[in-house]
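Asks: Provided below: target-v7.cif, containing mmCIF, C-alpha atoms, pLDDT in the B column; chains and numbers go by the auth columns.
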data_work
#
loop_
_atom_site.group_PDB
_atom_site.id
_atom_site.type_symbol
_atom_site.label_atom_id
_atom_site.label_comp_id
_atom_site.label_asym_id
_atom_site.label_seq_id
_atom_site.Cartn_x
_atom_site.Cartn_y
_atom_site.Cartn_z
_atom_site.B_iso_or_equiv
_atom_site.auth_seq_id
_atom_site.auth_asym_id
ATOM 1 C CA MET A 1 -0.670 10.462 15.938 87.00 1 A
ATOM 2 C CA GLU A 2 1.717 13.091 14.717 89.00 2 A
ATOM 3 C CA ILE A 3 4.599 12.563 12.288 90.00 3 A
ATOM 4 C CA ARG A 4 7.391 15.019 11.629 90.00 4 A
ATOM 5 C CA ARG A 5 11.041 15.172 10.787 90.00 5 A
ATOM 6 C CA ARG A 6 13.370 16.484 13.463 88.00 6 A
ATOM 7 C CA LYS A 7 17.018 16.881 12.534 88.00 7 A
ATOM 8 C CA ASN A 8 18.225 13.394 11.604 92.00 8 A
ATOM 9 C CA GLN A 9 15.100 11.555 12.738 94.00 9 A
ATOM 10 C CA ILE A 10 11.541 10.908 11.721 94.00 10 A
ATOM 11 C CA GLU A 11 9.407 11.152 14.838 93.00 11 A
ATOM 12 C CA ILE A 12 6.032 9.490 15.221 91.00 12 A
ATOM 13 C CA SER A 13 4.448 10.808 18.397 89.00 13 A
ATOM 14 C CA GLU A 14 1.090 10.752 20.186 87.00 14 A
ATOM 15 C CA LEU A 15 0.844 7.029 19.474 86.00 15 A
ATOM 16 C CA ASP A 16 -2.294 5.302 20.649 85.00 16 A
ATOM 17 C CA PRO A 17 -2.054 1.581 21.527 86.00 17 A
ATOM 18 C CA PHE A 18 -3.821 0.452 18.318 88.00 18 A
ATOM 19 C CA LEU A 19 -1.404 2.193 15.938 89.00 19 A
ATOM 20 C CA ALA A 20 1.567 1.245 18.097 90.00 20 A
ATOM 21 C CA GLU A 21 0.528 -2.395 17.775 91.00 21 A
ATOM 22 C CA LEU A 22 0.238 -2.071 13.984 94.00 22 A
ATOM 23 C CA LEU A 23 3.767 -0.657 13.959 95.00 23 A
ATOM 24 C CA ARG A 24 5.042 -3.536 16.093 94.00 24 A
ATOM 25 C CA GLU A 25 3.487 -5.993 13.606 96.00 25 A
ATOM 26 C CA ILE A 26 5.638 -4.778 10.696 97.00 26 A
ATOM 27 C CA PRO A 27 8.453 -7.351 11.117 97.00 27 A
ATOM 28 C CA ALA A 28 6.060 -10.323 11.431 96.00 28 A
ATOM 29 C CA SER A 29 3.995 -9.032 8.517 96.00 29 A
ATOM 30 C CA THR A 30 6.992 -9.202 6.166 95.00 30 A
ATOM 31 C CA ASN A 31 7.163 -12.998 6.400 93.00 31 A
ATOM 32 C CA PRO A 32 5.694 -14.646 3.270 91.00 32 A
ATOM 33 C CA GLU A 33 6.235 -18.234 4.507 87.00 33 A
ATOM 34 C CA GLY A 34 3.222 -20.483 4.295 85.00 34 A
ATOM 35 C CA ALA A 35 1.601 -18.295 1.665 86.00 35 A
ATOM 36 C CA PRO A 36 2.773 -19.210 -1.853 88.00 36 A
ATOM 37 C CA ALA A 37 1.014 -16.158 -3.344 87.00 37 A
ATOM 38 C CA ALA A 38 2.918 -13.863 -0.980 89.00 38 A
ATOM 39 C CA GLU A 39 6.202 -15.645 -1.673 87.00 39 A
ATOM 40 C CA GLU A 40 5.589 -15.306 -5.429 85.00 40 A
ATOM 41 C CA ARG A 41 4.709 -11.626 -5.047 85.00 41 A
ATOM 42 C CA ILE A 42 7.842 -10.794 -3.058 87.00 42 A
ATOM 43 C CA PHE A 43 10.185 -12.876 -5.219 84.00 43 A
ATOM 44 C CA SER A 44 8.408 -12.546 -8.562 82.00 44 A
ATOM 45 C CA SER A 45 9.985 -13.980 -11.674 77.00 45 A
ATOM 46 C CA PRO A 46 11.629 -11.447 -13.998 81.00 46 A
ATOM 47 C CA THR A 47 10.154 -13.314 -16.989 80.00 47 A
ATOM 48 C CA ASN A 48 6.697 -14.239 -15.673 75.00 48 A
ATOM 49 C CA GLY A 49 7.623 -17.884 -16.167 72.00 49 A
ATOM 50 C CA THR A 50 8.277 -17.602 -19.908 82.00 50 A
ATOM 51 C CA GLU A 51 11.982 -18.472 -19.631 87.00 51 A
ATOM 52 C CA PRO A 52 12.520 -21.391 -17.216 84.00 52 A
ATOM 53 C CA GLU A 53 16.332 -21.247 -17.470 87.00 53 A
ATOM 54 C CA LEU A 54 16.430 -17.554 -16.532 86.00 54 A
ATOM 55 C CA ARG A 55 13.961 -18.209 -13.699 83.00 55 A
ATOM 56 C CA SER A 56 16.215 -20.974 -12.390 86.00 56 A
ATOM 57 C CA GLU A 57 19.252 -18.663 -12.445 88.00 57 A
ATOM 58 C CA TRP A 58 17.207 -15.932 -10.748 87.00 58 A
ATOM 59 C CA LYS A 59 16.252 -18.322 -7.927 85.00 59 A
ATOM 60 C CA MET A 60 19.845 -19.456 -7.536 90.00 60 A
ATOM 61 C CA TYR A 61 21.734 -16.153 -7.738 89.00 61 A
ATOM 62 C CA VAL A 62 19.379 -13.236 -7.111 90.00 62 A
ATOM 63 C CA GLU A 63 16.726 -14.506 -4.735 89.00 63 A
ATOM 64 C CA PRO A 64 19.119 -15.405 -1.874 92.00 64 A
ATOM 65 C CA GLU A 65 20.573 -11.895 -1.921 93.00 65 A
ATOM 66 C CA LEU A 66 17.080 -10.371 -2.007 91.00 66 A
ATOM 67 C CA ARG A 67 16.149 -12.485 1.007 91.00 67 A
ATOM 68 C CA ARG A 68 19.242 -11.281 2.852 95.00 68 A
ATOM 69 C CA LEU A 69 18.529 -7.641 2.012 95.00 69 A
ATOM 70 C CA PHE A 70 14.884 -7.976 3.062 94.00 70 A
ATOM 71 C CA GLN A 71 15.872 -9.715 6.300 95.00 71 A
ATOM 72 C CA THR A 72 18.429 -7.000 7.118 97.00 72 A
ATOM 73 C CA ALA A 73 15.841 -4.264 6.536 97.00 73 A
ATOM 74 C CA THR A 74 13.342 -6.081 8.738 97.00 74 A
ATOM 75 C CA GLN A 75 15.937 -6.481 11.501 98.00 75 A
ATOM 76 C CA ILE A 76 16.685 -2.743 11.434 98.00 76 A
ATOM 77 C CA VAL A 77 12.966 -1.947 11.709 97.00 77 A
ATOM 78 C CA ALA A 78 12.528 -4.473 14.538 97.00 78 A
ATOM 79 C CA SER A 79 15.422 -2.849 16.378 97.00 79 A
ATOM 80 C CA ASP A 80 13.906 0.634 15.957 97.00 80 A
ATOM 81 C CA LEU A 81 10.545 -0.684 17.164 96.00 81 A
ATOM 82 C CA GLU A 82 12.035 -1.822 20.476 94.00 82 A
ATOM 83 C CA GLN A 83 11.309 1.741 21.635 92.00 83 A
ATOM 84 C CA LEU A 84 7.630 0.755 21.764 89.00 84 A
ATOM 85 C CA ASN A 85 8.120 -2.201 24.096 83.00 85 A
ATOM 86 C CA GLY A 86 6.941 -1.712 27.635 70.00 86 A
ATOM 87 C CA ASN A 87 3.924 -0.343 29.418 60.00 87 A
ATOM 88 C CA GLU A 88 0.928 -0.213 27.054 58.00 88 A
ATOM 89 C CA LYS A 89 -0.833 2.472 29.086 59.00 89 A
ATOM 90 C CA SER A 90 1.895 5.002 28.406 56.00 90 A
ATOM 91 C CA LEU A 91 1.898 4.601 24.610 52.00 91 A
ATOM 92 C CA ALA A 92 -0.258 7.704 24.057 58.00 92 A
ATOM 93 C CA ASN A 93 2.602 9.800 25.349 67.00 93 A
ATOM 94 C CA ARG A 94 5.383 7.949 23.607 77.00 94 A
ATOM 95 C CA ALA A 95 7.201 8.609 20.404 85.00 95 A
ATOM 96 C CA LEU A 96 8.985 6.404 17.922 93.00 96 A
ATOM 97 C CA ARG A 97 12.157 7.973 16.604 95.00 97 A
ATOM 98 C CA ILE A 98 13.486 6.547 13.362 96.00 98 A
ATOM 99 C CA PRO A 99 16.986 7.642 12.320 96.00 99 A
ATOM 100 C CA THR A 100 16.839 8.990 8.764 94.00 100 A
ATOM 101 C CA LYS A 101 19.716 6.644 7.902 95.00 101 A
ATOM 102 C CA HIS A 102 17.202 3.807 8.487 97.00 102 A
ATOM 103 C CA ALA A 103 14.651 5.249 6.041 95.00 103 A
ATOM 104 C CA ASP A 104 15.543 2.821 3.237 96.00 104 A
ATOM 105 C CA ALA A 105 15.161 -0.153 5.586 97.00 105 A
ATOM 106 C CA TRP A 106 11.765 1.150 6.709 97.00 106 A
ATOM 107 C CA LEU A 107 10.615 1.658 3.117 97.00 107 A
ATOM 108 C CA SER A 108 11.708 -1.879 2.269 96.00 108 A
ATOM 109 C CA ALA A 109 10.070 -3.507 5.302 97.00 109 A
ATOM 110 C CA LEU A 110 6.848 -1.535 4.884 97.00 110 A
ATOM 111 C CA ASN A 111 6.701 -2.506 1.215 95.00 111 A
ATOM 112 C CA GLN A 112 7.337 -6.169 2.026 96.00 112 A
ATOM 113 C CA ALA A 113 4.627 -6.116 4.693 96.00 113 A
ATOM 114 C CA ARG A 114 2.123 -4.497 2.336 95.00 114 A
ATOM 115 C CA LEU A 115 2.822 -7.024 -0.438 93.00 115 A
ATOM 116 C CA VAL A 116 2.618 -10.009 1.905 94.00 116 A
ATOM 117 C CA ILE A 117 -0.579 -8.842 3.624 94.00 117 A
ATOM 118 C CA ALA A 118 -2.235 -8.067 0.278 93.00 118 A
ATOM 119 C CA ALA A 119 -1.261 -11.451 -1.164 92.00 119 A
ATOM 120 C CA LYS A 120 -2.310 -13.407 1.947 92.00 120 A
ATOM 121 C CA ASN A 121 -5.720 -11.700 1.871 91.00 121 A
ATOM 122 C CA ASN A 122 -6.056 -11.868 -1.917 89.00 122 A
ATOM 123 C CA PHE A 123 -7.037 -8.196 -2.049 88.00 123 A
ATOM 124 C CA THR A 124 -8.277 -6.920 -5.393 84.00 124 A
ATOM 125 C CA GLU A 125 -7.017 -3.701 -6.966 84.00 125 A
ATOM 126 C CA THR A 126 -10.427 -2.173 -6.225 83.00 126 A
ATOM 127 C CA GLU A 127 -10.095 -2.987 -2.518 82.00 127 A
ATOM 128 C CA LEU A 128 -6.530 -1.682 -2.385 82.00 128 A
ATOM 129 C CA ASN A 129 -7.571 1.574 -4.031 79.00 129 A
ATOM 130 C CA ASP A 130 -10.643 2.131 -1.839 75.00 130 A
ATOM 131 C CA HIS A 131 -9.145 4.502 0.744 67.00 131 A
ATOM 132 C CA LEU A 132 -12.541 5.523 2.094 69.00 132 A
ATOM 133 C CA ARG A 133 -13.479 2.042 3.311 64.00 133 A
ATOM 134 C CA SER A 134 -14.554 1.824 6.943 64.00 134 A
ATOM 135 C CA PRO A 135 -15.259 0.664 9.582 66.00 135 A
ATOM 136 C CA ILE A 136 -13.049 -2.232 10.584 74.00 136 A
ATOM 137 C CA GLY A 137 -15.513 -5.065 11.034 76.00 137 A
ATOM 138 C CA SER A 138 -13.378 -8.122 10.333 83.00 138 A
ATOM 139 C CA ARG A 139 -9.782 -9.355 10.326 87.00 139 A
ATOM 140 C CA ARG A 140 -9.753 -8.780 6.561 87.00 140 A
ATOM 141 C CA ASP A 141 -10.830 -5.131 7.054 87.00 141 A
ATOM 142 C CA LEU A 142 -8.083 -4.734 9.648 90.00 142 A
ATOM 143 C CA SER A 143 -5.543 -6.159 7.197 92.00 143 A
ATOM 144 C CA LEU A 144 -6.674 -3.703 4.529 91.00 144 A
ATOM 145 C CA PHE A 145 -6.354 -0.855 7.036 91.00 145 A
ATOM 146 C CA GLN A 146 -2.865 -2.130 7.871 94.00 146 A
ATOM 147 C CA VAL A 147 -1.857 -2.087 4.183 93.00 147 A
ATOM 148 C CA ASN A 148 -3.133 1.492 3.843 91.00 148 A
ATOM 149 C CA PHE A 149 -1.501 2.619 7.105 94.00 149 A
ATOM 150 C CA TYR A 150 1.850 1.205 6.013 96.00 150 A
ATOM 151 C CA GLY A 151 1.409 2.926 2.636 93.00 151 A
ATOM 152 C CA PHE A 152 0.760 6.218 4.420 93.00 152 A
ATOM 153 C CA LEU A 153 3.992 5.766 6.399 95.00 153 A
ATOM 154 C CA GLN A 154 5.917 4.982 3.211 96.00 154 A
ATOM 155 C CA GLU A 155 4.546 8.107 1.573 94.00 155 A
ATOM 156 C CA PHE A 156 5.513 10.271 4.535 93.00 156 A
ATOM 157 C CA ILE A 157 9.039 8.831 4.731 93.00 157 A
ATOM 158 C CA LEU A 158 9.552 9.342 1.001 92.00 158 A
ATOM 159 C CA ARG A 159 8.285 12.915 1.192 90.00 159 A
ATOM 160 C CA GLU A 160 10.503 13.740 4.175 84.00 160 A
ATOM 161 C CA MET A 161 13.594 12.212 2.562 81.00 161 A
ATOM 162 C CA GLU A 162 13.245 14.491 -0.475 79.00 162 A
ATOM 163 C CA TYR A 163 14.331 17.483 1.590 58.00 163 A
#
Would you write the structure of this file as structure tokens?
Replies:
Amino acid sequence: MEIRRRKNQIEISELDPFLAELLREIPASTNPEGAPAAEERIFSSPTNGTEPELRSEWKMYVEPELRRLFQTATQIVASDLEQLNGNEKSLANRALRIPTKHADAWLSALNQARLVIAAKNNFTETELNDHLRSPIGSRRDLSLFQVNFYGFLQEFILREMEY
């Protein structure tokens, strides 16, 4: 896999089927439904539960707008990812081109996915900071790899957008 910025795009090329599939999983991975810990992580209380009235106002006025913003970002990413639909055998020669104007949506969706995956798997800080862990021997290991891969993409996008 190769990542570079070209004009007004971030290009991810030389995609193998495994990494392409992880990319295609971003939109589904942002969904915290069915996992209260993930829902709490994404929509965390500004007061850590110490002020019930403020928490209630947060849920009523802020959370719906956050949900809308997160959903819009995820829809943009899903639309960009449509480039990867098609013949799996040709993925090694394909590239994903992300318009730089979509960078904020990608950062948001990647962050959501990382938070949801980490919460659903109850990863510890030690696990999340162990970047040398390998190989992938279980679904949990794959999820940890996914969190780290998405973090790598976030880091690259942020670095490229500084220029």
Asks: Evaluated on this file, the PyMOL selection byres ((chain A and resi 19) around 12) picks out some residues - which ones are they, written as a PyMOL selection string?
Replies: chain A and resi 1-2+12-18+20-26+84+88+91-92+94-96+142+145-146+149-150+153
Asks: Mind pulling up the distance from CA of Lys120 in chain A to CA of Gly34 in chain A?
Replies: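 Going from CA of Gly34 in chain A over to CA of Lys120 in chain A, I get 9.3 Å.
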Asks: Expand the PyMOL selection byres ((chain A and resi 8) around 12) into the individual residues it matches in the shown file, reporting them as a PyMOL selection string.
Replies: chain A and resi 4-7+9-11+97-103+160-161+163
Asks: Using only C-alpha atoms, determine which residues lie at most 9 Å from range 125-129 of chain A, disregarding the query and same-chain residues fewer than 6 positions distant; provide the list as JSON, numbers by chain.
Replies: {"A": [118, 144, 147, 148]}
Asks: Just want the 8 Å neighbourhood of Asn111 in chain A, counted on all atoms listed in the file, with same-chain residues fewer than 3 positions away dropped. Output as a list in words.
Replies: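 Result of the neighbour search: Leu107, Ser108, Arg114, Leu115, Tyr150, Gly151 and Gln154 of chain A.
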Asks: What does the distance between CA of Ala105 in chain A and CA of Ala78 in chain A come to in Å, to one decimal place?
Replies: 10.3 Å
Asks: What is the distance, in Å and to one decimal place, between CA of Asn121 in chain A and CA of Arg140 in chain A?
Replies: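 Computed distance, CA of Asn121 in chain A to CA of Arg140 in chain A, equals 6.8 Å.
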Asks: Give the answer as one residue: which of A:Ser56, A:Thr72, A:Ser44, A:Gln112 has the shortest atom-to-atom distance to Thr30 in chain A, using all atoms listed in the file?
Replies: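 Looking only at the distances to Thr30 in chain A, the closest residue turns out to be A:Gln112.
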Asks: Would you mind telling me which residue in A:Asp130, A:Thr74, A:Leu81, A:Phe156 lies nearest to Ala109 in chain A when using all atoms listed in the file?
Replies: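 Looking only at the distances to Ala109 in chain A, the closest residue turns out to be A:Thr74.
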Asks: Once the PyMOL selection byres ((chain A and resi 60-64) around 12) has been applied to the shown file, what residues remain in the selection, as a ChimeraX atom specification?
Replies: /A:39-40,42-46,53-59,65-71
Asks: Take the residues that were just selected and, keeping C-alpha atoms, output them as a PDB file, keeping the file's coordinate frame.
Replies:
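In the end it all went to out-v1.pdb:
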ATOM      1  CA  GLU A  39       6.202 -15.645  -1.673  1.00 87.00           C
ATOM      2  CA  GLU A  40       5.589 -15.306  -5.429  1.00 85.00           C
ATOM      3  CA  ILE A  42       7.842 -10.794  -3.058  1.00 87.00           C
ATOM      4  CA  PHE A  43      10.185 -12.876  -5.219  1.00 84.00           C
ATOM      5  CA  SER A  44       8.408 -12.546  -8.562  1.00 82.00           C
ATOM      6  CA  SER A  45       9.985 -13.980 -11.674  1.00 77.00           C
ATOM      7  CA  PRO A  46      11.629 -11.447 -13.998  1.00 81.00           C
ATOM      8  CA  GLU A  53      16.332 -21.247 -17.470  1.00 87.00           C
ATOM      9  CA  LEU A  54      16.430 -17.554 -16.532  1.00 86.00           C
ATOM     10  CA  ARG A  55      13.961 -18.209 -13.699  1.00 83.00           C
ATOM     11  CA  SER A  56      16.215 -20.974 -12.390  1.00 86.00           C
ATOM     12  CA  GLU A  57      19.252 -18.663 -12.445  1.00 88.00           C
ATOM     13  CA  TRP A  58      17.207 -15.932 -10.748  1.00 87.00           C
ATOM     14  CA  LYS A  59      16.252 -18.322  -7.927  1.00 85.00           C
ATOM     15  CA  GLU A  65      20.573 -11.895  -1.921  1.00 93.00           C
ATOM     16  CA  LEU A  66      17.080 -10.371  -2.007  1.00 91.00           C
ATOM     17  CA  ARG A  67      16.149 -12.485   1.007  1.00 91.00           C
ATOM     18  CA  ARG A  68      19.242 -11.281   2.852  1.00 95.00           C
ATOM     19  CA  LEU A  69      18.529  -7.641   2.012  1.00 95.00           C
ATOM     20  CA  PHE A  70      14.884  -7.976   3.062  1.00 94.00           C
ATOM     21  CA  GLN A  71      15.872  -9.715   6.300  1.00 95.00           C
TER      22      GLN A  71
END
Asks: Go through A:Phe123, A:Asn48, A:Val116, A:Glu155 and flag the residue nearest Pro36 in chain A, using all atoms listed in the file for the distances.
Replies: A:Val116
Asks: Ala119 in chain A: which residues within 8 Å, counting all atoms listed in the file, same-chain residues fewer than 5 positions away excluded, as a list of chain:residue names?
Replies: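 So the residues in contact are A:Ala35, A:Ala37, A:Ala38, A:Arg41.
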Asks: Quick one: of A:Gln75, A:Ser138, A:Asn85, A:Ser143, who's nearest to Pro27 in chain A, counting only C-alpha atoms?
Replies: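 Of all the options, A:Gln75 lies closest to Pro27 in chain A.
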